[in-house]
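One file, run18.cif, carrying mmCIF, C-alpha atoms:
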data_structure
#
loop_
_atom_site.label_atom_id
_atom_site.label_comp_id
_atom_site.auth_asym_id
_atom_site.auth_seq_id
_atom_site.Cartn_x
_atom_site.Cartn_y
_atom_site.Cartn_z
CA MET A 1 -7.98 -6.72 -23.09
CA SER A 2 -9.91 -9.28 -21.09
CA THR A 3 -9.71 -13.04 -21.20
CA GLU A 4 -12.63 -15.43 -20.84
CA ILE A 5 -12.27 -18.15 -18.24
CA GLN A 6 -12.31 -21.47 -20.08
CA ALA A 7 -12.38 -23.98 -17.25
CA ALA A 8 -12.70 -23.89 -13.49
CA ALA A 9 -10.01 -24.96 -11.05
CA LYS A 10 -10.22 -28.42 -9.52
CA GLU A 11 -10.68 -28.51 -5.74
CA PRO A 12 -8.04 -30.55 -3.90
CA LYS A 13 -9.43 -32.99 -1.35
CA ARG A 14 -6.37 -34.03 0.64
CA GLU A 15 -4.20 -31.81 2.80
CA ARG A 16 -1.18 -32.42 0.60
CA GLY A 17 -3.20 -31.35 -2.44
CA LYS A 18 -4.34 -28.22 -0.65
CA GLN A 19 -0.75 -27.33 0.21
CA ARG A 20 0.29 -27.90 -3.39
CA VAL A 21 -2.53 -25.69 -4.66
CA ALA A 22 -1.56 -22.96 -2.18
CA ALA A 23 2.04 -23.14 -3.42
CA LEU A 24 0.87 -22.89 -7.03
CA ILE A 25 -1.30 -19.88 -6.24
CA ASP A 26 1.60 -18.26 -4.35
CA ALA A 27 3.86 -18.80 -7.34
CA GLY A 28 1.24 -17.29 -9.65
CA ALA A 29 0.85 -14.28 -7.36
CA GLU A 30 4.61 -13.68 -7.28
CA LEU A 31 5.02 -13.97 -11.03
CA PHE A 32 1.96 -11.86 -11.86
CA ALA A 33 3.36 -9.17 -9.55
CA GLU A 34 6.85 -9.41 -11.08
CA LYS A 35 6.08 -9.83 -14.78
CA GLY A 36 2.39 -9.10 -15.23
CA TYR A 37 -0.38 -11.53 -16.00
CA GLU A 38 0.03 -11.69 -19.79
CA ALA A 39 3.80 -12.22 -19.70
CA THR A 40 3.64 -15.06 -17.17
CA THR A 41 3.47 -18.62 -18.50
CA MET A 42 2.07 -21.76 -16.91
CA THR A 43 5.53 -23.35 -17.22
CA GLU A 44 7.06 -20.54 -15.17
CA ILE A 45 4.36 -20.86 -12.51
CA ALA A 46 4.95 -24.60 -12.16
CA SER A 47 8.70 -24.07 -12.04
CA ARG A 48 8.44 -21.34 -9.38
CA ALA A 49 6.24 -23.61 -7.25
CA GLY A 50 8.64 -26.52 -7.69
CA ALA A 51 5.83 -28.56 -9.25
CA ALA A 52 5.50 -30.55 -12.44
CA ILE A 53 3.58 -28.82 -15.21
CA GLY A 54 1.12 -31.73 -15.17
CA SER A 55 0.42 -31.06 -11.53
CA LEU A 56 -0.36 -27.42 -12.28
CA TYR A 57 -2.76 -28.33 -15.09
CA GLN A 58 -4.36 -30.97 -12.88
CA PHE A 59 -5.60 -28.26 -10.54
CA PHE A 60 -5.74 -25.30 -12.92
CA PRO A 61 -6.66 -26.13 -16.52
CA SER A 62 -5.75 -22.62 -17.60
CA LYS A 63 -3.92 -19.54 -16.43
CA GLU A 64 -7.32 -17.83 -16.14
CA ALA A 65 -8.49 -20.52 -13.70
CA LEU A 66 -5.43 -19.91 -11.53
CA ALA A 67 -6.02 -16.16 -11.72
CA GLU A 68 -9.58 -16.64 -10.53
CA ALA A 69 -8.42 -18.84 -7.64
CA LEU A 70 -5.92 -16.14 -6.71
CA PHE A 71 -8.64 -13.52 -6.78
CA ASN A 72 -10.89 -15.72 -4.63
CA ARG A 73 -8.13 -16.04 -2.07
CA PHE A 74 -7.62 -12.26 -2.11
CA ALA A 75 -11.35 -11.70 -1.55
CA GLU A 76 -11.43 -14.18 1.35
CA ARG A 77 -8.35 -12.68 2.99
CA ALA A 78 -9.67 -9.14 2.53
CA ALA A 79 -12.96 -10.09 4.17
CA THR A 80 -11.17 -11.75 7.09
CA ALA A 81 -8.84 -8.79 7.51
CA PHE A 82 -11.71 -6.34 7.57
CA ALA A 83 -13.50 -8.46 10.17
CA ARG A 84 -10.60 -7.65 12.48
CA VAL A 85 -11.21 -3.94 11.82
CA GLU A 86 -14.87 -4.44 12.74
CA GLU A 87 -13.87 -6.19 15.96
CA ARG A 88 -11.59 -3.36 17.02
CA ALA A 89 -13.77 -0.45 15.88
CA PRO A 90 -16.25 -0.22 18.78
CA GLY A 91 -15.13 2.46 21.19
CA CYS A 92 -12.53 3.91 18.87
CA SER A 93 -12.13 7.63 18.40
CA ALA A 94 -12.29 9.19 14.94
CA ARG A 95 -8.51 9.25 14.78
CA GLU A 96 -8.27 5.61 15.82
CA LEU A 97 -10.87 4.64 13.22
CA ALA A 98 -8.94 6.51 10.53
CA ASP A 99 -5.79 4.62 11.52
CA LEU A 100 -7.67 1.30 11.55
CA PHE A 101 -9.04 1.87 8.04
CA ILE A 102 -5.74 3.04 6.61
CA ASP A 103 -3.64 0.35 8.31
CA HIS A 104 -6.08 -2.25 6.99
CA LYS A 105 -5.53 -1.03 3.46
CA LEU A 106 -1.77 -0.76 3.83
CA GLY A 107 -1.68 -4.30 5.19
CA ARG A 108 -3.29 -5.64 2.04
CA GLY A 109 -0.25 -4.51 0.00
CA THR A 110 0.86 -6.76 -2.81
CA ASP A 111 -2.18 -8.99 -2.52
CA ARG A 112 -4.38 -6.07 -3.45
CA ASP A 113 -2.13 -4.86 -6.26
CA VAL A 114 -2.19 -8.29 -7.90
CA ALA A 115 -5.96 -8.58 -7.52
CA ILE A 116 -6.50 -5.20 -9.14
CA ALA A 117 -4.13 -6.07 -11.97
CA LEU A 118 -5.98 -9.34 -12.55
CA SER A 119 -9.36 -7.66 -12.44
CA ASN A 120 -8.31 -5.58 -15.42
CA VAL A 121 -7.43 -8.55 -17.64
CA VAL A 122 -9.56 -11.54 -16.63
CA ALA A 123 -13.22 -11.13 -17.64
CA GLY A 124 -14.67 -13.30 -14.89
CA ILE A 125 -12.94 -11.18 -12.28
CA VAL A 126 -13.87 -7.79 -13.74
CA GLU A 127 -17.54 -8.40 -12.95
CA ARG A 128 -16.81 -9.43 -9.37
CA ARG A 129 -14.68 -6.47 -8.40
CA LYS A 130 -17.51 -3.94 -8.04
CA PRO A 131 -19.68 -6.04 -5.67
CA LEU A 132 -16.66 -6.57 -3.46
CA GLY A 133 -16.02 -2.83 -3.35
CA ASP A 134 -19.71 -2.17 -2.63
CA ALA A 135 -19.62 -4.70 0.23
CA LEU A 136 -16.56 -3.04 1.77
CA ARG A 137 -18.16 0.40 1.55
CA GLY A 138 -21.26 -1.01 3.24
CA ARG A 139 -19.17 -2.42 6.08
CA ILE A 140 -17.36 0.90 6.55
CA ALA A 141 -20.70 2.72 6.61
CA ALA A 142 -21.98 0.26 9.22
CA ILE A 143 -19.01 0.98 11.46
CA LEU A 144 -19.55 4.72 11.18
CA SER A 145 -23.30 4.56 11.65
CA ALA A 146 -22.92 2.35 14.72
CA GLY A 147 -21.75 5.48 16.49
CA ASN A 148 -19.22 3.64 18.58
CA ALA A 149 -16.47 6.16 18.23
CA ALA A 150 -15.61 8.10 21.33
CA LEU A 151 -16.64 11.50 20.08
CA GLY A 152 -14.62 14.44 21.21
CA ARG A 153 -11.52 12.53 22.19
CA ASP A 154 -9.69 13.87 19.17
CA GLU A 155 -11.14 17.30 19.48
CA ALA A 156 -10.20 18.15 23.03
CA PRO A 157 -8.36 21.46 23.12
CA PRO A 158 -4.63 21.28 23.83
CA PRO A 159 -3.62 21.81 27.45
CA GLN A 160 -3.02 25.47 28.29
CA MET B 1 -17.67 6.89 -0.34
CA ILE B 2 -14.93 9.20 0.86
CA VAL B 3 -13.47 6.81 3.46
CA ASN B 4 -12.98 4.09 0.87
CA GLN B 5 -11.55 6.53 -1.64
CA VAL B 6 -9.00 7.77 0.88
CA MET B 7 -8.10 4.18 1.74
CA ASN B 8 -7.57 3.40 -1.94
CA MET B 9 -5.53 6.55 -2.43
CA VAL B 10 -3.34 5.65 0.52
CA ALA B 11 -2.78 2.15 -0.86
CA ALA B 12 -1.81 3.63 -4.22
CA LEU B 13 0.54 6.07 -2.52
CA ALA B 14 2.16 3.30 -0.51
CA ALA B 15 2.80 1.35 -3.71
CA THR B 16 4.92 4.18 -5.11
CA GLU B 17 8.57 4.58 -4.27
CA ASP B 18 8.15 8.29 -3.83
CA GLU B 19 9.85 9.42 -0.64
CA ARG B 20 7.01 11.90 0.01
CA ALA B 21 4.49 9.07 0.24
CA ALA B 22 4.92 8.50 3.97
CA ALA B 23 4.31 12.19 4.73
CA LEU B 24 1.25 12.26 2.48
CA ILE B 25 -0.13 9.13 4.15
CA GLY B 26 0.31 10.85 7.49
CA GLU B 27 -1.67 13.84 6.22
CA ALA B 28 -4.32 11.47 4.84
CA ARG B 29 -4.71 9.93 8.30
CA LYS B 30 -5.36 13.36 9.82
CA LEU B 31 -7.83 14.40 7.13
CA LEU B 32 -9.67 11.09 7.30
CA ALA B 33 -9.93 11.42 11.08
CA LEU B 34 -11.42 14.91 10.68
CA TYR B 35 -13.90 13.61 8.13
CA ILE B 36 -14.91 10.64 10.32
CA ALA B 37 -15.34 12.95 13.31
CA GLU B 38 -17.62 15.12 11.19
CA VAL B 39 -19.64 12.11 10.00
CA LEU B 40 -20.05 10.83 13.55
CA ARG B 41 -21.15 14.23 14.77
CA ARG B 42 -24.05 14.37 12.28
#
Write out the structure in this file as structure tokens.
Amino acid sequence: MSTEIQAAAKEPKRERGKQRVAALIDAGAELFAEKGYEATTMTEIASRAGAAIGSLYQFFPSKEALAEALFNRFAERAATAFARVEERAPGCSARELADLFIDHKLGRGTDRDVAIALSNVVAGIVERRKPLGDALRGRIAAILSAGNAALGRDEAPPPQ
Amino acid sequence: MIVNQVMNMVAALAATEDERAAALIGEARKLLALYIAEVLRR
């Protein structure tokens, strides 16, 4: 079952506000991972973050708004992480590229699990998941088509 | 795309507590490398 997003999150302007928002999003991520999105309450999120419930609602008028902020952070981090793959890819062999791709995915761990779980229950996120996947596939294809891998390095016959 | 599908499969495997996951991920690395080598050779 999906949930419509009722209100958008408020953007903090000061550094202290940004840190508080990050702590609230972290708390949401932990609780969504532990209990699931539906079972987690706003009160629990505020408590986990060590914040007043009013502070949570000040930045996130609804649980859906916090979920969307969490998904946004996941998308930003995923894009940044894959940029590091793109930096390292030139000159890599096929085996090194395979390791780069797989290690990238393994490094996303819990972040990715939470994002996928959210994308199944929050309507505004469901629609955004596919374009993100398409973009990643495009970036992988670009790496492969660049032809930077050192062909043959993996395929050299074993020493006699 | 196969590369992305393998990456997703590996992530799903890693999320399990199955003790065979690490071995399967190792096999996935080898198979993905073979596939990438084939793609790059085309």
Original post:
Could you tell me, as a count of residues only, which residues have any atom at most 12 Å from (-2.4, -28.5, -14.1), counting only C-alpha atoms?
Top reply: 30
**OP:** Write out as an MDAnalysis selection string each polymer residue whose atoms come within 10 Å of Leu31 of chain B, counting only C-alpha atoms; drop sequence neighbours fewer than 4 positions from it.
**Re:** (chainID A and resid 95 98) or (chainID B and resid 6 25:27 35:37)
**OP:** To verify the selection step, state as a ChimeraX atom specification which residues the PyMOL selection byres ((chain B) within 9 of (chain A)) yields on this input.
**Re:** /B:1,3-4,6-8,10-12,14-15,25,28-41
Subject >> Between atom CA of Phe71 of chain A and atom CA of Tyr37 of chain A - distance in Å to one decimal >> reply: 12.5 Å
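Counting from atom CA of Ser47 of chain A, the distance to atom CA of Ala27 of chain A is 8.6 Å.
Atom pair atom CA of Asp18 of chain B / atom CA of Asp111 of chain A: separated by 20.2 Å.
Restricting the calculation to only C-alpha atoms, the smallest distance between Val126 of chain A and any of A:Lys35, A:Ala67, A:Phe82, A:Glu44 is found for A:Ala67.
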Subject >> Pick from A:Ala69, A:Leu118, A:Ile143, A:Ala29, whichever lies nearest to Ala89 of chain A using only C-alpha atoms >> reply: A:Ile143
